[in-house]
Amino acid sequence: MSQGKKLRNGHRGSQVLESEQIQCLVGTLRTGRLPKAPGLPSNPFSPSGAGVWISPLAHKLATFICHVSQAWLTVGITSESQQGHRGLLDTLASLYRVLSTAEQKQITVLVHLADSDPSWLRNTVLHISSLYRSQILTGHLLLIHAPSSAYPTVNSVQKISQGHIYSKQNVDHAFLMSFATKLSTYFLLIEDDVFCAPNFVNHIRSKVTNRKPNTWVLIEFSNMGFLGKLFHSRDLPLLAHFLLLFHQERPLNWLIHHFCTILAQQSPILCRPFLFYHRLPRFAFENKTLTGQEKGPRGPDNLPGTVFTDMRLFGVYSPQEAYTLDESFFFTYNVSTGNYLTVILNHTADLNRVQVRTGSITDGDYILEKGQVELGYSPEGMSPNCTRFTLLGHLAQGQLDHIVLKDSGNQVKCVKLAVNANQVGGLMIRHIYLWGSETPERESWSELMVNYDMSN
């Protein structure tokens, strides 16, 4: 197979999709074309009279300039209705939350809405266009959809076969990749139920910069399926064609890795720590994050405070990321006995619960094998250190979730995670969650006496 058999990226048009089911979704057509593959029409994504829409898809955004200047990175996502629209919205929220303004200008987010349900399409598009209007108007967020007529026809027997499941997923991503070919220099494939690590762009850039362009086909930033896979955009036409040739034969992740071996990358390039993780259902998190039962009527409070540590700083990971309510985390390595990560609260607090989670939520790697959590009191001078600590509890398999007794939970100023044994390798501190409230201001004895004298 020669790379000269390039897939045409498709021409830009200005027609408006006419569909009674999604008549409120207005925009500019862009037709994607792919070469003939076994079992597919000769031009599967450009059937007669059919088009693929790309648009802001809202009345106020009916005119959309289709020219998009080439970005450094395209983040590609395919989404269907099984997740509702919340999975995709949560993924976009995580993505944009960790991107700086400068990074957003270098990145195009391409979302293939790969479901034919008109109600889901309408609701998803309206939600996205209301939340990310500026990104859509600047061309940094593109929404595309291939009509059902663009897919290979299947009979009733094929519908219940495993090959049909493979086929739908592979064709979905073949279209996504074909469309993304000329949008950027690199293409990052993620899924619609994930969260992204802080500063993942800088981390990816550093890995790419340190490798010669012709020495790799695929760099992986996750070990889960086809999540977090980075490609050269120049390889996307060939990969899309490959997926179409074998769309019923194997699942997507298998075809991607086999494609790499064909292009002479024999060994996977797996970069740690991983930058992308699946969002597990809340009821399935167990000891990995807050469940509905753990949350109770409200989530953790995480009162204002600053994080201090003597652990190694690694790459783009900040200690403060361990004390947030989102999915970010702090990553370090080769910790030693006595190392600590301490949250210094801005004001003393009355705590009733403390939860500490370490390690990956997917495979349990990078836990703190031996450690303990201490509560600190009475800060001294200008130093952030507390003068007195009491043991709250030891971590079990890298986790701790303790109810704090009233006597020890009052007027807490510090929460310290301490390392109890040398540990070689990575350590991921996912979060420190606190429940409680700031201690009510108490007047000092001298202030009480002054107030008493003034009242008499």
# chains A, B, ... in the order shown; residues from 1 in each chain; ligands from 1
>>> select_by_dssp(residues="region 139-297 of chain A", states="alpha helix (DSSP H)", output="number ranges by chain")
A: 156-159, 162-180, 200-209, 236-245, 252-262, 292-295
>>> residues_around(residues="region 101-106 of chain A", least_positions_apart="5", cutoff="7 Å", atoms="only C-alpha atoms", output="PyMOL selection string")
chain A and resi 71-73
>>> atom_distance(atom1="CA of Val424 (chain A)", atom2="CA of Leu341 (chain A)")
17.2 Å
>>> closest_residue(among="A:Lys416, A:Leu303, A:Ile190, A:Arg388", to="Glu438 (chain A)", atoms="only C-alpha atoms")
A:Leu303
>>> select_by_dssp(residues="region 162-371 of chain A", states="strand (DSSP E)", output="number ranges by chain")
A: 184-189, 194-196, 218-220, 229-232, 276-278, 305-309, 330-335, 340-358, 371
>>> atom_distance(atom1="CA of Asn214 (chain A)", atom2="CA of Phe242 (chain A)")
19.9 Å
>>> atom_distance(atom1="CA of Leu188 (chain A)", atom2="CA of Gly87 (chain A)")
18.4 Å
>>> residues_around(residues="region 433-436 of chain A", least_positions_apart="5", cutoff="7 Å", atoms="only C-alpha atoms", output="ChimeraX atom specification")
/A:300-302,349-356
>>> write_last_selection(atoms="N, CA and C atoms", output="tab-separated table (two decimals), in the first residue's frame")
chain	number	residue	atom	x	y	z
A	300	PRO	N	-17.12	17.68	48.87
A	300	PRO	CA	-16.11	18.23	49.79
A	300	PRO	C	-16.05	19.74	49.69
A	301	ASP	N	-15.55	20.37	50.77
A	301	ASP	CA	-15.51	21.84	50.83
A	301	ASP	C	-14.19	22.41	50.33
A	302	ASN	N	-13.09	21.70	50.60
A	302	ASN	CA	-11.76	22.18	50.20
A	302	ASN	C	-11.60	23.69	50.38
A	349	ALA	N	-9.80	25.73	60.60
A	349	ALA	CA	-11.09	25.14	60.21
A	349	ALA	C	-11.47	24.04	61.17
A	350	ASP	N	-12.76	23.82	61.27
A	350	ASP	CA	-13.30	22.69	62.02
A	350	ASP	C	-13.65	21.60	61.00
A	351	LEU	N	-12.83	20.55	60.95
A	351	LEU	CA	-13.00	19.50	59.97
A	351	LEU	C	-13.77	18.32	60.54
A	352	ASN	N	-14.58	17.70	59.70
A	352	ASN	CA	-15.29	16.50	60.15
A	352	ASN	C	-14.96	15.28	59.29
A	353	ARG	N	-14.21	15.50	58.18
A	353	ARG	CA	-13.85	14.37	57.34
A	353	ARG	C	-12.66	14.74	56.45
A	354	VAL	N	-11.77	13.78	56.23
A	354	VAL	CA	-10.62	13.96	55.34
A	354	VAL	C	-10.50	12.73	54.45
A	355	GLN	N	-10.31	12.98	53.16
A	355	GLN	CA	-10.13	11.87	52.22
A	355	GLN	C	-8.88	12.13	51.38
A	356	VAL	N	-8.01	11.13	51.26
A	356	VAL	CA	-6.81	11.22	50.44
A	356	VAL	C	-6.80	10.04	49.48
>>> closest_residue(among="A:Tyr151, A:Phe226, A:Tyr96, A:Phe221", to="Thr78 (chain A)", atoms="only C-alpha atoms")
A:Phe226
>>> residues_around(residues="Thr337 (chain A)", least_positions_apart="6", cutoff="9 Å", atoms="only C-alpha atoms", output="PyMOL selection string")
chain A and resi 371+418-423
>>> closest_residue(among="A:Asn123, A:Asn223, A:Thr185, A:Asn339", to="Pro273 (chain A)", atoms="only C-alpha atoms")
A:Asn223
>>> closest_atom_pairs(of="region 96-121 of chain A", to="region 164-177 of chain A", cutoff="8 Å", atoms="only C-alpha atoms", output="JSON lines")
{"residue": "A:Leu110", "atom": "CA", "partner": "A:Leu176", "partner_atom": "CA", "distance": 7.8}
{"residue": "A:Val111", "atom": "CA", "partner": "A:Leu176", "partner_atom": "CA", "distance": 7.9}
{"residue": "A:His112", "atom": "CA", "partner": "A:Leu176", "partner_atom": "CA", "distance": 6.2}
{"residue": "A:Ala114", "atom": "CA", "partner": "A:Asp172", "partner_atom": "CA", "distance": 6.4}
>>> closest_residue(among="A:Glu191, A:Glu249, A:Glu321, A:Asp310", to="Gly338 (chain A)", atoms="only C-alpha atoms")
A:Asp310
>>> closest_residue(among="A:Ser184, A:Leu255, A:Arg272, A:Ala150", to="Lys207 (chain A)", atoms="only C-alpha atoms")
A:Arg272
>>> residues_around(residues="Gly359 (chain A)", least_positions_apart="4", cutoff="7 Å", atoms="only C-alpha atoms", output="list in words")
Gly364, Asp365, Tyr366, Ile367, Gly398, Leu427, Met428, Ile429 and Arg430 of chain A
>>> write_last_selection(atoms="C-alpha atoms", output="CSV table (one decimal), in the first residue's frame")
chain,number,residue,atom,x,y,z
A,364,GLY,CA,-4.0,1.3,40.6
A,365,ASP,CA,-0.4,2.2,39.7
A,366,TYR,CA,1.6,4.9,41.5
A,367,ILE,CA,0.0,4.6,44.9
A,398,GLY,CA,-2.7,4.2,49.0
A,427,LEU,CA,3.7,8.6,42.8
A,428,MET,CA,0.4,10.1,41.8
A,429,ILE,CA,-1.5,12.1,44.5
A,430,ARG,CA,-4.9,12.4,43.0
>>> residues_around(residues="Tyr323 (chain A)", least_positions_apart="2", cutoff="8 Å", atoms="only C-alpha atoms", output="VMD selection string")
chain A and resid 302 307 319 to 321 325 343 431 to 433
>>> write_last_selection(atoms="N, CA, C and O atoms", output="mmCIF file, in the first residue's frame")
data_model
loop_
_atom_site.group_PDB
_atom_site.id
_atom_site.type_symbol
_atom_site.label_atom_id
_atom_site.label_comp_id
_atom_site.auth_asym_id
_atom_site.auth_seq_id
_atom_site.Cartn_x
_atom_site.Cartn_y
_atom_site.Cartn_z
ATOM 1 N N ASN A 302 -13.091 21.704 50.596
ATOM 2 C CA ASN A 302 -11.762 22.177 50.196
ATOM 3 C C ASN A 302 -11.605 23.685 50.384
ATOM 4 O O ASN A 302 -11.614 24.473 49.442
ATOM 5 N N VAL A 307 -0.601 24.621 48.991
ATOM 6 C CA VAL A 307 0.075 23.330 49.150
ATOM 7 C C VAL A 307 1.593 23.522 49.125
ATOM 8 O O VAL A 307 2.120 24.214 48.250
ATOM 9 N N PRO A 319 2.128 20.855 42.764
ATOM 10 C CA PRO A 319 1.581 20.299 44.013
ATOM 11 C C PRO A 319 0.159 20.778 44.299
ATOM 12 O O PRO A 319 -0.637 20.048 44.902
ATOM 13 N N GLN A 320 -0.167 21.998 43.867
ATOM 14 C CA GLN A 320 -1.504 22.543 44.131
ATOM 15 C C GLN A 320 -2.592 21.709 43.469
ATOM 16 O O GLN A 320 -3.748 21.714 43.905
ATOM 17 N N GLU A 321 -2.212 20.958 42.412
ATOM 18 C CA GLU A 321 -3.204 20.148 41.708
ATOM 19 C C GLU A 321 -3.757 19.023 42.579
ATOM 20 O O GLU A 321 -4.811 18.461 42.269
ATOM 21 N N LEU A 325 -10.859 20.399 43.204
ATOM 22 C CA LEU A 325 -12.074 19.595 43.133
ATOM 23 C C LEU A 325 -12.290 19.002 41.746
ATOM 24 O O LEU A 325 -13.306 18.361 41.508
ATOM 25 N N VAL A 343 -1.151 20.706 53.079
ATOM 26 C CA VAL A 343 -2.107 21.776 52.766
ATOM 27 C C VAL A 343 -2.158 22.717 53.955
ATOM 28 O O VAL A 343 -2.482 22.300 55.076
ATOM 29 N N HIS A 431 -5.959 13.404 44.928
ATOM 30 C CA HIS A 431 -6.649 14.516 45.591
ATOM 31 C C HIS A 431 -6.599 14.386 47.107
ATOM 32 O O HIS A 431 -6.441 13.294 47.658
ATOM 33 N N ILE A 432 -6.721 15.531 47.734
ATOM 34 C CA ILE A 432 -6.967 15.642 49.167
ATOM 35 C C ILE A 432 -8.271 16.402 49.308
ATOM 36 O O ILE A 432 -8.373 17.564 48.898
ATOM 37 N N TYR A 433 -9.283 15.743 49.831
ATOM 38 C CA TYR A 433 -10.600 16.348 50.003
ATOM 39 C C TYR A 433 -10.853 16.605 51.490
ATOM 40 O O TYR A 433 -10.580 15.742 52.339
#
